[in-house]
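Shown here: my_file_21.cif, mmCIF, C-alpha atoms and all ligand atoms.
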```cif
data_query
#
loop_
_atom_site.label_atom_id
_atom_site.label_comp_id
_atom_site.auth_asym_id
_atom_site.auth_seq_id
_atom_site.Cartn_x
_atom_site.Cartn_y
_atom_site.Cartn_z
CA MET V 29 -19.58 -5.08 -71.61
CA THR V 30 -18.36 -7.00 -68.53
CA GLU V 31 -14.77 -5.78 -69.13
CA ASN V 32 -15.92 -2.22 -68.33
CA ALA V 33 -18.01 -3.43 -65.42
CA PRO V 34 -16.71 -2.83 -61.89
CA LEU V 35 -14.96 -5.21 -59.60
CA VAL V 36 -17.80 -6.06 -57.20
CA ILE V 37 -17.30 -7.06 -53.57
CA VAL V 38 -20.40 -8.37 -51.80
CA GLY V 39 -20.13 -7.73 -48.06
CA THR V 40 -18.74 -4.83 -46.04
CA GLY V 41 -17.48 -6.70 -42.99
CA LEU V 42 -13.79 -6.89 -42.17
CA ALA V 43 -13.22 -9.18 -45.17
CA GLY V 44 -14.92 -6.96 -47.76
CA TYR V 45 -13.56 -3.62 -46.52
CA ASN V 46 -10.03 -4.86 -45.85
CA LEU V 47 -9.88 -6.38 -49.32
CA ALA V 48 -11.05 -3.06 -50.80
CA LYS V 49 -8.39 -1.17 -48.82
CA GLU V 50 -5.61 -3.55 -49.89
CA PHE V 51 -6.82 -3.46 -53.50
CA ARG V 52 -6.80 0.35 -53.62
CA LYS V 53 -3.15 0.37 -52.48
CA LEU V 54 -2.34 -1.50 -55.71
CA ASP V 55 -4.93 -0.21 -58.19
CA SER V 56 -6.38 3.27 -57.96
CA ALA V 57 -8.16 3.22 -61.33
CA ARG V 58 -10.41 0.18 -61.63
CA PRO V 59 -14.09 0.89 -60.83
CA LEU V 60 -15.03 -0.70 -57.51
CA LEU V 61 -18.50 -1.42 -56.16
CA LEU V 62 -19.25 -2.78 -52.69
CA VAL V 63 -22.72 -4.14 -51.95
CA SER V 64 -23.97 -4.78 -48.43
CA ALA V 65 -27.18 -6.02 -46.89
CA ASP V 66 -26.37 -3.94 -43.78
CA ASP V 67 -25.76 -0.20 -43.36
CA GLY V 68 -22.12 -0.43 -44.49
CA ARG V 69 -20.60 1.00 -41.32
CA PHE V 70 -16.98 0.00 -40.81
CA TYR V 71 -16.44 -1.55 -37.39
CA SER V 72 -14.31 -4.19 -35.74
CA LYS V 73 -16.54 -7.18 -34.98
CA PRO V 74 -14.32 -8.53 -32.14
CA LEU V 75 -15.14 -5.36 -30.16
CA LEU V 76 -18.79 -6.46 -29.94
CA SER V 77 -17.90 -8.87 -27.14
CA THR V 78 -16.01 -6.28 -25.07
CA GLY V 79 -18.56 -3.47 -25.35
CA PHE V 80 -20.50 -3.98 -22.10
CA ALA V 81 -17.46 -3.77 -19.87
CA LYS V 82 -16.49 -0.57 -21.67
CA GLY V 83 -20.06 0.79 -21.66
CA LYS V 84 -19.99 1.33 -25.44
CA GLU V 85 -23.15 2.07 -27.44
CA ALA V 86 -23.34 0.59 -30.96
CA ASP V 87 -22.77 4.03 -32.50
CA GLU V 88 -19.54 4.40 -30.55
CA LEU V 89 -18.22 1.15 -32.07
CA GLY V 90 -18.98 2.21 -35.65
CA MET V 91 -15.73 3.77 -36.91
CA GLN V 92 -16.78 5.15 -40.30
CA ASP V 93 -20.12 5.24 -42.15
CA ALA V 94 -20.66 3.96 -45.68
CA ALA V 95 -20.29 7.41 -47.28
CA ALA V 96 -16.91 7.96 -45.58
CA MET V 97 -15.77 4.49 -46.67
CA ALA V 98 -16.89 5.16 -50.26
CA ALA V 99 -14.88 8.39 -50.31
CA GLN V 100 -11.81 6.75 -48.76
CA LEU V 101 -11.92 3.82 -51.20
CA ASP V 102 -12.95 5.83 -54.26
CA ALA V 103 -15.74 3.27 -54.61
CA GLU V 104 -19.48 3.08 -54.75
CA VAL V 105 -20.97 1.47 -51.62
CA LEU V 106 -24.54 0.24 -51.94
CA THR V 107 -26.08 -0.34 -48.50
CA GLY V 108 -29.28 -2.08 -47.39
CA THR V 109 -29.03 -4.06 -50.62
CA SER V 110 -29.19 -7.84 -50.70
CA VAL V 111 -27.75 -9.80 -53.58
CA SER V 112 -30.35 -12.45 -54.37
CA ALA V 113 -28.68 -14.29 -57.28
CA ILE V 114 -25.47 -14.64 -59.28
CA ASP V 115 -25.38 -15.51 -62.98
CA PRO V 116 -21.76 -16.63 -63.58
CA ALA V 117 -22.26 -17.11 -67.34
CA ALA V 118 -23.61 -13.58 -67.87
CA ARG V 119 -21.34 -12.17 -65.11
CA THR V 120 -24.24 -10.38 -63.43
CA LEU V 121 -25.74 -10.13 -59.95
CA THR V 122 -29.39 -9.63 -59.11
CA LEU V 123 -29.90 -6.88 -56.55
CA ASP V 124 -33.04 -4.89 -55.76
CA GLY V 125 -34.72 -6.51 -58.77
CA ARG V 126 -32.11 -5.27 -61.26
CA GLU V 127 -29.07 -6.86 -62.90
CA GLN V 128 -25.61 -5.56 -61.96
CA PRO V 129 -22.73 -6.57 -64.25
CA TYR V 130 -19.33 -7.38 -62.76
CA SER V 131 -15.90 -7.95 -64.26
CA ASP V 132 -14.75 -9.93 -61.23
CA LEU V 133 -16.85 -10.78 -58.18
CA VAL V 134 -15.74 -11.35 -54.58
CA LEU V 135 -18.02 -13.00 -52.04
CA ALA V 136 -17.31 -11.68 -48.52
CA LEU V 137 -20.67 -12.74 -47.12
CA GLY V 138 -19.70 -13.76 -43.59
CA ALA V 139 -21.57 -16.34 -41.57
CA GLU V 140 -25.11 -16.65 -40.27
CA VAL V 141 -26.05 -17.32 -36.64
CA ARG V 142 -27.53 -20.75 -36.03
CA SER V 143 -31.05 -20.40 -34.77
CA LEU V 144 -32.78 -21.99 -31.78
CA PRO V 145 -36.31 -23.35 -32.25
CA TRP V 146 -37.78 -20.74 -29.83
CA ARG V 147 -36.34 -17.74 -31.71
CA GLU V 148 -39.52 -16.66 -33.52
CA GLN V 149 -41.86 -17.14 -30.60
CA LEU V 150 -39.64 -15.26 -28.12
CA GLY V 151 -38.89 -12.27 -30.36
CA GLU V 152 -36.75 -9.63 -28.62
CA ARG V 153 -36.35 -11.75 -25.45
CA LEU V 154 -33.96 -14.10 -27.28
CA LEU V 155 -31.37 -12.40 -29.49
CA SER V 156 -27.98 -13.15 -31.06
CA ILE V 157 -25.07 -10.79 -31.70
CA ASN V 158 -23.30 -11.15 -35.03
CA ASP V 159 -23.07 -7.57 -36.27
CA LEU V 160 -23.26 -3.97 -35.08
CA ALA V 161 -27.04 -3.75 -35.55
CA ASP V 162 -27.52 -6.91 -33.44
CA TYR V 163 -25.34 -5.40 -30.73
CA GLY V 164 -27.43 -2.22 -30.68
CA ARG V 165 -30.66 -4.24 -30.52
CA PHE V 166 -29.32 -6.35 -27.65
CA ARG V 167 -28.20 -3.30 -25.67
CA GLY V 168 -31.66 -1.82 -26.16
CA ALA V 169 -33.33 -5.03 -24.96
CA LEU V 170 -31.21 -4.97 -21.77
CA VAL V 171 -32.33 -1.55 -20.60
CA GLY V 172 -33.75 -1.96 -17.10
CA ARG V 173 -32.86 -5.66 -17.00
CA LYS V 174 -30.40 -7.57 -14.88
CA LYS V 175 -30.28 -11.31 -15.53
CA VAL V 176 -29.00 -12.69 -18.82
CA LEU V 177 -29.20 -16.30 -19.94
CA ILE V 178 -26.51 -17.17 -22.51
CA ILE V 179 -27.15 -20.31 -24.52
CA GLY V 180 -23.88 -21.78 -25.78
CA ALA V 181 -20.44 -22.09 -24.17
CA GLY V 182 -18.25 -21.65 -27.25
CA LEU V 183 -15.79 -18.78 -27.68
CA ILE V 184 -18.50 -16.18 -28.26
CA GLY V 185 -20.75 -17.38 -25.41
CA CYS V 186 -17.79 -17.30 -22.99
CA GLU V 187 -16.61 -13.87 -24.12
CA PHE V 188 -20.10 -12.42 -23.62
CA ALA V 189 -20.38 -14.15 -20.23
CA ASN V 190 -17.21 -12.36 -19.12
CA ASP V 191 -18.15 -9.05 -20.73
CA LEU V 192 -21.74 -8.91 -19.47
CA SER V 193 -20.56 -9.78 -15.94
CA LEU V 194 -18.06 -6.94 -16.05
CA GLY V 195 -20.89 -4.76 -17.35
CA GLY V 196 -22.87 -5.44 -14.17
CA PHE V 197 -25.25 -8.20 -15.32
CA GLU V 198 -26.02 -11.50 -13.63
CA VAL V 199 -25.11 -14.19 -16.13
CA ALA V 200 -26.09 -17.85 -16.41
CA VAL V 201 -24.71 -20.04 -19.20
CA VAL V 202 -26.50 -23.16 -20.44
CA ALA V 203 -24.85 -25.47 -22.97
CA THR V 204 -24.93 -29.04 -24.18
CA ASP V 205 -21.13 -28.85 -24.32
CA PRO V 206 -19.42 -30.96 -21.65
CA TRP V 207 -16.99 -28.09 -20.91
CA LEU V 208 -16.27 -24.56 -22.14
CA MET V 209 -15.08 -24.11 -25.75
CA PRO V 210 -14.65 -27.86 -26.38
CA GLN V 211 -13.53 -27.24 -30.00
CA LEU V 212 -10.62 -25.16 -28.71
CA LEU V 213 -9.70 -26.33 -25.21
CA PRO V 214 -8.86 -29.52 -23.35
CA GLU V 215 -11.02 -30.01 -20.27
CA PRO V 216 -8.52 -28.87 -17.57
CA VAL V 217 -7.92 -25.52 -19.29
CA ALA V 218 -11.69 -25.07 -19.78
CA ALA V 219 -12.18 -25.79 -16.08
CA ALA V 220 -9.64 -23.08 -15.20
CA VAL V 221 -11.52 -20.52 -17.29
CA GLN V 222 -14.81 -21.67 -15.77
CA ARG V 223 -13.50 -21.21 -12.21
CA ARG V 224 -12.41 -17.65 -12.98
CA LEU V 225 -15.76 -16.82 -14.61
CA GLU V 226 -17.59 -18.35 -11.65
CA ALA V 227 -15.54 -16.13 -9.35
CA LEU V 228 -17.00 -13.19 -11.30
CA GLY V 229 -20.48 -14.52 -10.54
CA VAL V 230 -21.30 -16.45 -13.75
CA THR V 231 -23.25 -19.68 -13.18
CA PHE V 232 -22.93 -22.64 -15.56
CA HIS V 233 -25.23 -25.50 -16.53
CA LEU V 234 -23.04 -27.62 -18.82
CA GLY V 235 -23.74 -30.91 -20.57
CA CYS V 236 -27.38 -30.00 -20.40
CA GLY V 237 -29.89 -29.23 -23.15
CA ILE V 238 -32.93 -26.97 -22.93
CA ARG V 239 -36.23 -28.85 -22.93
CA GLU V 240 -38.40 -25.76 -23.06
CA LEU V 241 -37.79 -22.04 -23.27
CA ALA V 242 -40.79 -19.80 -22.69
CA ALA V 243 -41.66 -16.18 -22.02
CA SER V 244 -42.45 -15.61 -18.36
CA ASP V 245 -43.12 -12.47 -16.30
CA ASP V 246 -41.67 -10.25 -19.02
CA GLY V 247 -38.57 -12.47 -19.04
CA LEU V 248 -37.60 -16.04 -19.82
CA LEU V 249 -37.96 -19.37 -18.12
CA ALA V 250 -35.69 -22.19 -19.30
CA LEU V 251 -36.50 -25.73 -18.31
CA LEU V 252 -33.35 -27.82 -18.66
CA ASP V 253 -33.14 -31.52 -19.52
CA ASP V 254 -32.13 -32.34 -15.94
CA GLY V 255 -35.27 -30.62 -14.59
CA THR V 256 -33.50 -27.42 -13.42
CA GLU V 257 -35.39 -24.16 -14.02
CA VAL V 258 -33.37 -21.06 -14.92
CA ARG V 259 -35.07 -17.64 -14.94
CA ALA V 260 -33.64 -14.62 -16.75
CA ASP V 261 -34.73 -11.22 -18.02
CA GLN V 262 -33.08 -11.64 -21.40
CA GLY V 263 -31.67 -14.46 -23.54
CA LEU V 264 -28.59 -14.41 -25.75
CA SER V 265 -28.25 -17.28 -28.19
CA ALA V 266 -24.60 -18.11 -28.98
CA ILE V 267 -24.85 -21.60 -30.42
CA GLY V 268 -22.55 -21.03 -33.37
CA LEU V 269 -22.25 -19.66 -36.88
CA ALA V 270 -22.69 -21.23 -40.30
CA PRO V 271 -20.85 -19.77 -43.34
CA ARG V 272 -23.25 -18.13 -45.83
CA THR V 273 -23.04 -20.43 -48.83
CA ASP V 274 -26.60 -20.40 -50.27
CA LEU V 275 -25.96 -17.72 -52.88
CA ALA V 276 -22.90 -19.53 -54.22
CA ALA V 277 -24.59 -22.93 -54.16
CA ALA V 278 -27.61 -21.57 -56.06
CA ALA V 279 -25.20 -20.24 -58.72
CA GLY V 280 -23.74 -23.72 -59.15
CA LEU V 281 -20.48 -23.01 -57.30
CA PRO V 282 -19.14 -25.85 -55.17
CA VAL V 283 -19.59 -25.41 -51.42
CA GLY V 284 -18.42 -27.47 -48.45
CA ARG V 285 -18.15 -25.97 -44.96
CA GLY V 286 -17.83 -22.67 -46.84
CA VAL V 287 -17.70 -21.49 -50.45
CA LEU V 288 -14.90 -23.65 -51.85
CA VAL V 289 -11.88 -21.69 -53.08
CA ASP V 290 -8.30 -22.60 -53.90
CA ALA V 291 -5.19 -20.95 -52.44
CA GLN V 292 -5.76 -18.03 -54.86
CA LEU V 293 -9.18 -17.55 -53.21
CA CYS V 294 -10.80 -18.47 -56.54
CA THR V 295 -13.95 -20.57 -56.85
CA SER V 296 -14.55 -22.99 -59.73
CA ASP V 297 -15.44 -19.89 -61.79
CA PRO V 298 -12.34 -17.88 -62.80
CA HIS V 299 -14.15 -14.56 -62.19
CA ILE V 300 -15.60 -15.35 -58.75
CA TYR V 301 -13.58 -15.30 -55.52
CA ALA V 302 -14.42 -15.64 -51.82
CA LEU V 303 -12.74 -14.80 -48.51
CA GLY V 304 -13.54 -14.34 -44.83
CA ASP V 305 -16.04 -16.34 -42.77
CA CYS V 306 -17.98 -17.53 -45.84
CA ALA V 307 -14.96 -19.17 -47.53
CA GLU V 308 -13.35 -22.56 -47.23
CA VAL V 309 -9.80 -21.87 -48.39
CA ALA V 310 -7.92 -24.96 -49.57
CA GLY V 311 -9.90 -27.05 -47.07
CA LEU V 312 -9.81 -24.55 -44.16
CA ASN V 313 -12.79 -22.51 -42.93
CA LEU V 314 -11.15 -20.23 -40.36
CA MET V 315 -13.65 -17.75 -38.94
CA TYR V 316 -11.12 -15.33 -37.42
CA VAL V 317 -9.70 -11.94 -38.29
CA MET V 318 -6.04 -12.80 -38.98
CA PRO V 319 -6.78 -15.34 -41.76
CA LEU V 320 -9.10 -12.91 -43.54
CA MET V 321 -6.50 -10.11 -43.36
CA THR V 322 -3.89 -12.43 -44.86
CA SER V 323 -6.39 -13.48 -47.54
CA ALA V 324 -7.25 -9.85 -48.33
CA ARG V 325 -3.59 -8.99 -49.03
CA ALA V 326 -3.14 -11.97 -51.36
CA LEU V 327 -6.43 -11.49 -53.20
CA ALA V 328 -5.76 -7.77 -53.70
CA LYS V 329 -2.60 -8.72 -55.63
CA THR V 330 -4.46 -11.24 -57.78
CA LEU V 331 -7.24 -8.78 -58.58
CA SER V 332 -4.74 -6.12 -59.55
CA GLY V 333 -3.12 -8.43 -62.09
CA ALA V 334 -0.33 -10.16 -60.12
CA PRO V 335 -1.71 -13.60 -59.22
CA ALA V 336 -0.79 -14.59 -55.65
CA THR V 337 -1.55 -17.53 -53.41
CA VAL V 338 -2.40 -17.18 -49.74
CA GLY V 339 -0.32 -18.86 -47.04
CA TYR V 340 -1.41 -19.04 -43.40
CA PRO V 341 1.20 -19.24 -40.68
CA ALA V 342 -0.25 -20.63 -37.45
CA MET V 343 -2.30 -17.76 -36.02
CA PRO V 344 -3.17 -18.13 -32.31
CA ILE V 345 -6.42 -16.59 -31.09
CA MET V 346 -6.51 -14.35 -28.03
CA VAL V 347 -9.79 -15.24 -26.35
CA LYS V 348 -11.33 -12.15 -24.71
CA THR V 349 -11.98 -13.61 -21.26
CA PRO V 350 -10.00 -11.14 -19.14
CA ALA V 351 -11.07 -13.03 -15.99
CA CYS V 352 -8.70 -15.73 -17.22
CA PRO V 353 -6.23 -14.68 -19.94
CA LEU V 354 -6.39 -17.31 -22.66
CA VAL V 355 -4.65 -17.91 -25.96
CA VAL V 356 -5.29 -20.88 -28.24
CA ALA V 357 -3.87 -22.31 -31.42
CA PRO V 358 -6.27 -25.18 -32.08
CA PRO V 359 -4.78 -28.26 -33.76
CA LEU V 360 -6.11 -28.55 -37.32
CA ASN V 361 -6.56 -32.29 -36.86
CA ALA V 362 -7.77 -32.88 -33.31
CA ALA V 363 -7.90 -36.65 -33.92
CA ALA V 364 -4.16 -36.98 -34.63
CA GLY V 365 -2.42 -36.46 -31.31
CA ASP V 366 -2.89 -35.84 -27.60
CA TRP V 367 -2.99 -32.94 -25.18
CA GLN V 368 -0.16 -32.77 -22.62
CA ILE V 369 -0.95 -30.44 -19.75
CA SER V 370 1.29 -28.88 -17.12
CA GLY V 371 1.05 -26.01 -14.67
CA GLU V 372 -0.96 -25.21 -11.59
CA GLY V 373 -4.22 -23.54 -10.70
CA GLU V 374 -5.35 -21.33 -13.56
CA ASP V 375 -1.83 -21.02 -15.05
CA LEU V 376 -1.95 -23.95 -17.46
CA ARG V 377 0.12 -24.91 -20.47
CA ALA V 378 -1.58 -27.44 -22.76
CA VAL V 379 0.32 -28.56 -25.85
CA PHE V 380 -1.10 -30.82 -28.53
CA ILE V 381 1.55 -33.25 -29.79
CA ASP V 382 1.12 -35.52 -32.82
CA PRO V 383 2.44 -39.15 -32.98
CA GLN V 384 5.70 -37.87 -34.56
CA GLY V 385 6.34 -35.63 -31.56
CA GLN V 386 5.57 -32.41 -33.46
CA LEU V 387 3.69 -29.58 -31.70
CA GLN V 388 0.37 -29.10 -33.55
CA GLY V 389 -1.50 -26.73 -31.24
CA PHE V 390 -1.68 -25.21 -27.79
CA ALA V 391 -3.93 -23.63 -25.19
CA LEU V 392 -2.38 -21.35 -22.57
CA SER V 393 -4.23 -19.86 -19.61
CA GLY V 394 -3.39 -17.38 -16.87
CA ALA V 395 0.31 -16.61 -16.52
CA ALA V 396 1.18 -19.27 -19.13
CA VAL V 397 0.00 -16.96 -21.95
CA SER V 398 3.51 -15.48 -21.79
CA GLU V 399 4.69 -18.58 -23.73
CA LYS V 400 2.59 -17.71 -26.78
CA ALA V 401 5.35 -16.30 -29.00
CA LEU V 402 7.80 -19.10 -28.22
CA LEU V 403 5.29 -21.88 -28.94
CA THR V 404 3.90 -20.18 -32.04
CA ARG V 405 7.36 -20.33 -33.61
CA GLU V 406 7.33 -24.13 -33.19
CA LEU V 407 3.96 -24.63 -34.91
CA PRO V 408 3.81 -25.75 -38.54
CA ALA V 409 2.07 -23.39 -40.97
CA TRP V 410 -1.69 -23.91 -41.35
CA LEU V 411 -1.46 -23.44 -45.11
CA SER V 412 1.78 -23.16 -47.06
C1 LIG C 1 -18.88 -11.34 -31.00
C2 LIG C 1 -17.73 -11.78 -31.87
C3 LIG C 1 -16.44 -11.63 -31.39
C4 LIG C 1 -15.35 -12.05 -32.18
N1 LIG C 1 -14.09 -11.90 -31.69
C5 LIG C 1 -13.04 -12.28 -32.45
C6 LIG C 1 -11.71 -12.11 -31.99
O1 LIG C 1 -11.47 -11.66 -30.87
N2 LIG C 1 -10.68 -12.46 -32.82
C7 LIG C 1 -10.90 -12.96 -34.07
O2 LIG C 1 -9.94 -13.26 -34.78
N3 LIG C 1 -12.16 -13.14 -34.54
C8 LIG C 1 -13.23 -12.80 -33.76
N4 LIG C 1 -14.50 -12.97 -34.24
C9 LIG C 1 -14.68 -13.45 -35.63
C10 LIG C 1 -14.44 -12.30 -36.62
O3 LIG C 1 -15.03 -11.13 -36.14
C11 LIG C 1 -14.99 -12.69 -37.99
O4 LIG C 1 -14.20 -13.77 -38.46
C12 LIG C 1 -14.95 -11.56 -39.03
O5 LIG C 1 -15.41 -10.34 -38.51
C13 LIG C 1 -15.78 -11.98 -40.25
O6 LIG C 1 -15.77 -10.96 -41.21
P1 LIG C 1 -16.50 -11.15 -42.62
O7 LIG C 1 -16.29 -9.89 -43.34
O8 LIG C 1 -16.09 -12.43 -43.24
O9 LIG C 1 -18.06 -11.35 -42.25
P2 LIG C 1 -19.14 -10.29 -41.71
O10 LIG C 1 -18.53 -9.30 -40.81
O11 LIG C 1 -20.26 -11.13 -41.16
O12 LIG C 1 -19.63 -9.52 -43.00
C14 LIG C 1 -20.50 -10.09 -43.93
C15 LIG C 1 -21.04 -9.01 -44.83
O13 LIG C 1 -21.78 -9.61 -45.89
C16 LIG C 1 -23.01 -8.92 -46.07
N5 LIG C 1 -23.95 -9.84 -46.72
C17 LIG C 1 -24.27 -11.10 -46.38
N6 LIG C 1 -25.14 -11.63 -47.26
C18 LIG C 1 -25.36 -10.68 -48.21
C19 LIG C 1 -26.13 -10.61 -49.40
N7 LIG C 1 -26.87 -11.65 -49.83
N8 LIG C 1 -26.13 -9.46 -50.12
C20 LIG C 1 -25.39 -8.40 -49.72
N9 LIG C 1 -24.62 -8.42 -48.61
C21 LIG C 1 -24.60 -9.53 -47.87
C22 LIG C 1 -23.37 -8.50 -44.64
O14 LIG C 1 -24.32 -7.47 -44.65
C23 LIG C 1 -21.99 -8.05 -44.15
O15 LIG C 1 -21.71 -6.74 -44.60
C24 LIG C 1 -15.61 -12.60 -33.47
C25 LIG C 1 -16.92 -12.74 -33.93
C26 LIG C 1 -17.97 -12.35 -33.14
C27 LIG C 1 -19.39 -12.51 -33.65
#
```
Translate this file's structure into structure tokens.
Amino acid sequence: MTENAPLVIVGTGLAGYNLAKEFRKLDSARPLLLVSADDGRFYSKPLLSTGFAKGKEADELGMQDAAAMAAQLDAEVLTGTSVSAIDPAARTLTLDGREQPYSDLVLALGAEVRSLPWREQLGERLLSINDLADYGRFRGALVGRKKVLIIGAGLIGCEFANDLSLGGFEVAVVATDPWLMPQLLPEPVAAAVQRRLEALGVTFHLGCGIRELAASDDGLLALLDDGTEVRADQGLSAIGLAPRTDLAAAAGLPVGRGVLVDAQLCTSDPHIYALGDCAEVAGLNLMYVMPLMTSARALAKTLSGAPATVGYPAMPIMVKTPACPLVVAPPLNAAAGDWQISGEGEDLRAVFIDPQGQLQGFALSGAAVSEKALLTRELPAWLS
């Protein structure tokens, strides 16, 4: 029975849809079913943090709807449908109260936004943006409003600070982080980005927690740990993402920072695979587009009968802070080495060198981004 069942991909983000596209290049016959909790529109998630500067509505960012994707992929696409359980022994999924058999199953579940304690009580005044629907909701909440409080100074918080400023909003950023994007940048490079964002009008309260966040005058009032009060019309929570692992864990599959898979993207069950933000691939949970595209190509081969392992070259990330061009290749082991920084003003070159003298990562800002290609060639592969 399961041999005639479809290949099922759960999730229609960039991981799910790109896998389906790659798979169809190699196998045009096998039945394919995609299941998604959202509306199944195909869109590029990185564009969500450049949409305000470009004045884009959510509908303008959606590239194809689920019906068009189904036709293009010769697949069935079930939308608005949450998978609530996996039975690996029976090779079935529970969705909408019924059992769906699968021959092979791929988890492309993405990651969940971490939630602040005030989320429920503040409703629409405090939102997060992690998909197209969130983006549409946030744009709606901003109509007639001017001041935005962003909580979190990681990559996504900084990109939205830049984008919302360019979109005409007054932006304040509050974060417990000592400097911007501390997981990616050494302090001097972060300071360069901060200066450029401040020149745009963004204000920062760093190294500071929020003691209380309350609704006030149809907006928000944040009381910070240092006693400062920050008022805003709208809040945007950007305190990070956690890979969606609950479904896999409940099915007895090992999870760590993500659903644990080997270099063939296979879990401990030979018929269940994972890729994208939800997966920890051979010890790496890389929540970026390039790794999932590389994974999709390898997994498509495996699922079409030619087992393949995934390899990751070092893949630098272009951070979308146009106020200060920025490219980073974070060291995989930030404890084993030191940053060496050169340059002037906002044009900084930071290289992370291990005790053997090998380049393990870099962060380039301003004019120094021109060195990206040269330095990338010197980096060791992330997974070989
Ligand atoms: C604002 C923003 C900007 C970014 N910018 C960049 C960038 O510039 N460069 C870069 O490399 N990366 C960037 N990223 C990260 C990148 O976008 C993600 O790594 C990538 O889009 C993740 O794709 P995914 O398919 O794994 O997850 P998602 O896109 O989150 O898709 C998950 C899918 O799983 C479905 N799903 C979840 N649970 C269930 C369930 N139980 N049942 C059914 N369906 C379910 C969801 O509905 C969804 O369809 C950015 C991320 C954000 C939020």
Would you list the contacts of Pro298 in chain V as a list in words, taking every protein, DNA or RNA residue within 10 Å and counting all atoms listed in the file, but skipping same-chain residues closer than 5 positions in sequence? Pro116, Asp132 and Leu133 of chain V
Convert the current residue selection to file output with C-alpha atoms, as a PDB file, in the frame of the given file.
```
ATOM      1  CA  PRO V 116     -21.760 -16.630 -63.580  1.00  0.00           C
ATOM      2  CA  ASP V 132     -14.750  -9.930 -61.230  1.00  0.00           C
ATOM      3  CA  LEU V 133     -16.850 -10.780 -58.180  1.00  0.00           C
TER       4      LEU V 133
END
```
Show me which residues sit within 8 Å of ligand LIG 1 (chain C) when counting all atoms listed in the file, and put them as a ChimeraX atom specification. /V:38-45,63-68,72-77,108-112,123,135-140,157-159,184,187-188,272,275,303-306,314-320,345-348
Grab the CA of Gln128 in chain V to CA of Leu331 in chain V distance for me, in Å with one decimal place. 19.0 Å
Return as a Markdown table the residues of range 139-218 of chain V lying at most 9 Å from range 382-401 of chain V, together with the closest atom-to-atom pair for each and the distance in Å to one decimal, counting only C-alpha atoms, with rows in chain order and ascending residue number.
```
| residue | atom | partner | partner_atom | distance |
| --- | --- | --- | --- | --- |
| V:Leu212 | CA | V:Ala391 | CA | 7.7 |
| V:Leu213 | CA | V:Ala391 | CA | 6.4 |
| V:Pro214 | CA | V:Ala391 | CA | 7.9 |
| V:Val217 | CA | V:Ser393 | CA | 6.8 |
```
Taking 3 positions as the minimum chain separation for residues in the same chain, which residues sit within 10 Å of Ala117 in chain V when counting all atoms listed in the file? Answer as a list in words.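 The residues that qualify are Ile114, Thr120, Ala279, Asp297 and His299 of chain V.
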Do you have the CA of Met97 in chain V-CA of Arg119 in chain V distance handy?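 Taking CA of Met97 in chain V as the start and CA of Arg119 in chain V as the end point, the length is 25.5 Å.
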Could you give me, as a PyMOL selection string, the residues that sit within 6 Å of (-21.2, -18.2, -31.0) in the file's coordinates, counting only C-alpha atoms? chain V and resi 182+184-185+266-268
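Relative to CA of Pro341 in chain V, CA of Arg377 in chain V is found at 21.0 Å.
Minimum atom-to-atom distance to Lys175 in chain V, evaluated using all atoms listed in the file, belongs to V:Val199 out of V:Val221, V:Ala336, V:Val199, V:Met91.
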If we count all atoms listed in the file, what is near Thr273 in chain V at a cut-off of 7 Å, once residues fewer than 6 positions away on the same chain are taken out, given as a list in words?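 Counting all atoms listed in the file, the residues come to Val283, Gly286, Val287 and Cys306 of chain V.
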Let me see the file: selected residues, C-alpha atoms, as a CSV table (one decimal), keeping the file's coordinate frame.
```csv
chain,number,residue,atom,x,y,z
V,283,VAL,CA,-19.6,-25.4,-51.4
V,286,GLY,CA,-17.8,-22.7,-46.8
V,287,VAL,CA,-17.7,-21.5,-50.4
V,306,CYS,CA,-18.0,-17.5,-45.8
```
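Closest approach to Val356 in chain V among V:Leu228, V:Ala33, V:Leu183, V:Glu308 is made by V:Leu183 (distances from all atoms listed in the file).
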With 4 Å of padding per side, what axis-aligned box (centre and edge lengths, Å, one decimal) covers all the listed atoms of range 328-342 of chain V? Give it as lines of an AutoDock Vina configuration file.
```
center_x = -3.0
center_y = -13.4
center_z = -49.8
size_x = 16.4
size_y = 22.5
size_z = 32.6
```
Please list, as a PyMOL selection string, the residues that have an atom at most 12 Å away from (-7.1, 3.2, -53.4) in the coordinates of this file, counting only C-alpha atoms. chain V and resi 45-60+97-103+328+332
For Glu88 in chain V, which residue out of V:Ile238, V:Tyr163, V:Leu154, V:Ala243 is the nearest one, using only C-alpha atoms?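 Looking at the shortest contact to Glu88 in chain V, the residue is V:Tyr163.
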For a quick check of understanding, using only C-alpha atoms, which of V:Ala363, V:Leu194, V:Ala200, V:Leu35 has the smallest distance to Gly83 in chain V?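 Of the candidates, the smallest distance to Gly83 in chain V is held by V:Leu194.
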Which residue of V:Leu288, V:Arg325, V:Ala278, V:Asp246 approaches Thr337 in chain V most closely, using all atoms listed in the file: V:Arg325
Leaving out Ala95 in chain V and any residue of its chain fewer than 6 positions from it, which residues lie within 9 Å of it when counting only C-alpha atoms, given as a VMD selection string? chain V and resid 68 to 69 104 to 105
How would the residues just picked look written out with C-alpha atoms as a JSON list (two decimals), in the frame of the given file?
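Just written: again_33.json:
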```json
[["chain", "number", "residue", "atom", "x", "y", "z"],
["V", 68, "GLY", "CA", -22.12, -0.43, -44.49],
["V", 69, "ARG", "CA", -20.60, 1.00, -41.32],
["V", 104, "GLU", "CA", -19.48, 3.08, -54.75],
["V", 105, "VAL", "CA", -20.97, 1.47, -51.62]]
```
